[in-house]
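Heads up: the structure comes next, in structure tokens.
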Amino acid sequence: MSNAFTSIDHVQEVLGTQNYVCGRPLATVVFLATTLGRPIFLEGEAGVGKTEIAKAMAAALGKRLIRLQCYEGLDASSAVYEWNFPAQMVAIRTAEAAGGADRQALQTELFSDEYLIERPLLEAMRPQEGGAPVLLIDEIDRTDEPFEAFLLEALSDYQVTIPELGTVAAAEPPLVVLTSNRTREVHDALKRRCLYHWVDYPEFEREIAILQARAPEAAEALSREVVAFVQRLRTEDLFKKPGVAETIDWAKCLLALDVLELSPEVIADTLGAILKYQDDIQKLEGSAAKQILEEVRAELSPA
């Protein structure tokens with residue numbers, strides 16, 4: 001695979017132009033994947049930037065992003081192709097009305113590219129303007145083992161088979177990014193095909209940098225309070241800990257409300273931006289949020 005990245009530092013620099021603050025370990029995986037032509041397998045909690053890395057890579061490399069959003073019950077046909085049955089039925093009725101249609105010719109026409117609806121995996125195998133695309137297979141842990149097995153075969157040779165048309169092989173393999181929120185374990189055979197990286201919550205200074213890149217209008221003092229408060233929440237016993245995406249959303253909500261600094265009242269009014277379950281919100285109502293805010297401010301205050 002032709003690599004537009006010349007070094008690990010270059011990965012960080014170029015992704016930074018897309019407002020993606022990339023740590024060195026992840027930048028190393030991206031550099032090696034684009035150099036060796038290997039898929040990337042990213043695991044981590046929801047909202048830590050796994051999907052965003054694929055978007056940033058596509059934009060930085062000037063490539064098309066093709067996204068396969070996984071879900072329970074996803075099968076090979078839905079991920080690869082479908083036939084346009086309504087159009088095929090119209091063609092059949094038109095041929096019958098005209099009379100004397102060549103049955104073999106009609107069948108050949110019906111199962112041609114004209115009636116083929118390409119789904120993400122097939123699209124990714126086709127030549128694209130700007131070169132091979134970035135194929136994002138998002139939340140692979142939502143699918144089942146049969147689809148994993150199919151995907152393993154598809155990514156081994158970068159080809160898919162359409163029974164009516166034959167095998168479609170990628171002239172240039174796509175750059176594949178798989179993500180998992182680890183709702184279940186993905187089979188080792190699939191992971192072994194990939195370069196693996198666990199995307200963790202960022203440390204304080206890097207989350208500040210991410211917030212400044214995504215919400216640059218936020219004052220530094222407010223940004224530090226927001227990040228420190230969210231990072232403190234992640235140490236609480238919550239059903240769903242807030243990710244970086246929630247940090248950014250909360251900061252933008254506070255900016256929309258012209259908030260200059262956090263207060264217990266503002267936190268209570270905007271908890272829905274960072275916590276998505278009522279049980280978690282109830283734990284932070286009342287004195288709990290005030291206590292955490294006081295602790296955060298004490299930590300942020302210069303000694």
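Starting from 1 in every chain, residues are counted up; chains themselves are A, B, ... following the order of the structure tokens, and ligands are numbered from 1 as listed.
All residues within stretch 108-256 of chain A that the backbone DSSP calculation assigns to strand (DSSP E or B) are Leu116, Ile117, Glu118, Val134, Leu135, Leu136, Ile137, Asp138, Gln159, Val160, Thr161, Ile162, Gly166, Thr167, Val168, Ala169, Leu175, Val176, Val177, Leu178, Thr179, Ser180, Leu195, Tyr196, His197 and Trp198 of chain A.
For the set A:Glu82, A:Glu96, A:Asp249, A:Asp157, the residue with the smallest atom-to-atom gap to A:Asp113 is A:Glu82, counting only C-alpha atoms.
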Give me every helix (DSSP H, G or I) residue in stretch 146-222 of chain A, going by DSSP on the backbone, as a ChimeraX atom specification.
/A:146-157,188-192,204-214,220-222
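Residues in contact with A:Arg142 at 8 Å, where only C-alpha atoms are counted and same-chain residues fewer than 2 positions away are skipped, are listed as Cys70, Tyr71, Glu72, Glu139, Ile140, Asp144, Thr183 and Arg184 of chain A.
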Same residues, all heavy atoms, saved as a short mmCIF file (atom, residue, chain, number, x, y, z; two decimals), in the first residue's frame:
data_model
loop_
_atom_site.label_atom_id
_atom_site.label_comp_id
_atom_site.auth_asym_id
_atom_site.auth_seq_id
_atom_site.Cartn_x
_atom_site.Cartn_y
_atom_site.Cartn_z
N CYS A 70 -22.24 -1.66 11.77
CA CYS A 70 -22.67 -3.02 12.12
C CYS A 70 -23.86 -3.00 13.07
O CYS A 70 -24.05 -2.04 13.83
CB CYS A 70 -21.51 -3.78 12.77
SG CYS A 70 -20.08 -3.98 11.66
N TYR A 71 -24.64 -4.07 13.03
CA TYR A 71 -25.79 -4.22 13.91
C TYR A 71 -26.10 -5.70 14.04
O TYR A 71 -25.63 -6.53 13.23
CB TYR A 71 -27.01 -3.46 13.38
CG TYR A 71 -27.39 -3.81 11.95
CD1 TYR A 71 -28.23 -4.88 11.67
CD2 TYR A 71 -26.88 -3.09 10.89
CE1 TYR A 71 -28.58 -5.21 10.38
CE2 TYR A 71 -27.21 -3.41 9.57
CZ TYR A 71 -28.06 -4.47 9.32
OH TYR A 71 -28.38 -4.80 8.03
N GLU A 72 -26.88 -6.04 15.04
CA GLU A 72 -27.25 -7.43 15.25
C GLU A 72 -28.08 -7.94 14.07
O GLU A 72 -29.04 -7.31 13.65
CB GLU A 72 -28.05 -7.57 16.55
CG GLU A 72 -28.36 -9.00 16.93
CD GLU A 72 -29.11 -9.10 18.25
OE1 GLU A 72 -29.26 -8.07 18.93
OE2 GLU A 72 -29.53 -10.23 18.59
N GLU A 139 -18.22 -0.82 15.04
CA GLU A 139 -18.90 -1.60 16.07
C GLU A 139 -19.09 -3.05 15.64
O GLU A 139 -20.21 -3.58 15.67
CB GLU A 139 -20.23 -0.94 16.47
CG GLU A 139 -20.03 0.46 17.05
CD GLU A 139 -21.32 1.10 17.52
OE1 GLU A 139 -22.38 0.84 16.91
OE2 GLU A 139 -21.27 1.86 18.51
N ILE A 140 -18.00 -3.69 15.27
CA ILE A 140 -18.04 -5.08 14.81
C ILE A 140 -18.57 -6.00 15.90
O ILE A 140 -19.12 -7.07 15.62
CB ILE A 140 -16.62 -5.53 14.36
CG1 ILE A 140 -16.63 -6.95 13.81
CG2 ILE A 140 -15.62 -5.40 15.48
CD1 ILE A 140 -17.42 -7.14 12.55
N ASP A 144 -22.59 -11.02 14.73
CA ASP A 144 -22.43 -12.35 15.29
C ASP A 144 -21.24 -13.06 14.64
O ASP A 144 -20.61 -12.54 13.71
CB ASP A 144 -23.71 -13.17 15.15
CG ASP A 144 -24.23 -13.18 13.71
OD1 ASP A 144 -23.41 -12.94 12.78
OD2 ASP A 144 -25.42 -13.41 13.50
N THR A 183 -18.62 -4.96 23.67
CA THR A 183 -19.82 -5.50 24.30
C THR A 183 -19.76 -7.02 24.31
O THR A 183 -20.48 -7.67 25.06
CB THR A 183 -21.08 -5.04 23.55
OG1 THR A 183 -21.00 -5.44 22.18
CG2 THR A 183 -21.21 -3.51 23.60
N ARG A 184 -18.94 -7.57 23.45
CA ARG A 184 -18.62 -9.00 23.48
C ARG A 184 -17.22 -9.16 22.89
O ARG A 184 -16.69 -8.26 22.25
CB ARG A 184 -19.63 -9.82 22.65
CG ARG A 184 -19.54 -9.60 21.15
CD ARG A 184 -20.37 -10.60 20.37
NE ARG A 184 -20.28 -10.37 18.93
CZ ARG A 184 -19.33 -10.87 18.16
NH1 ARG A 184 -18.36 -11.62 18.70
NH2 ARG A 184 -19.31 -10.63 16.86
#
Which distance in Å separates atom CA of A:Val14 and atom CA of A:Leu65, to one decimal?
16.7 Å
Give me, as a PyMOL selection string, all polymer residues having an atom no more than 12 Å from A:Asp75, counting only C-alpha atoms and skipping those fewer than 2 positions away in the same chain.
chain A and resi 68-73+77-82+119+121+142-151
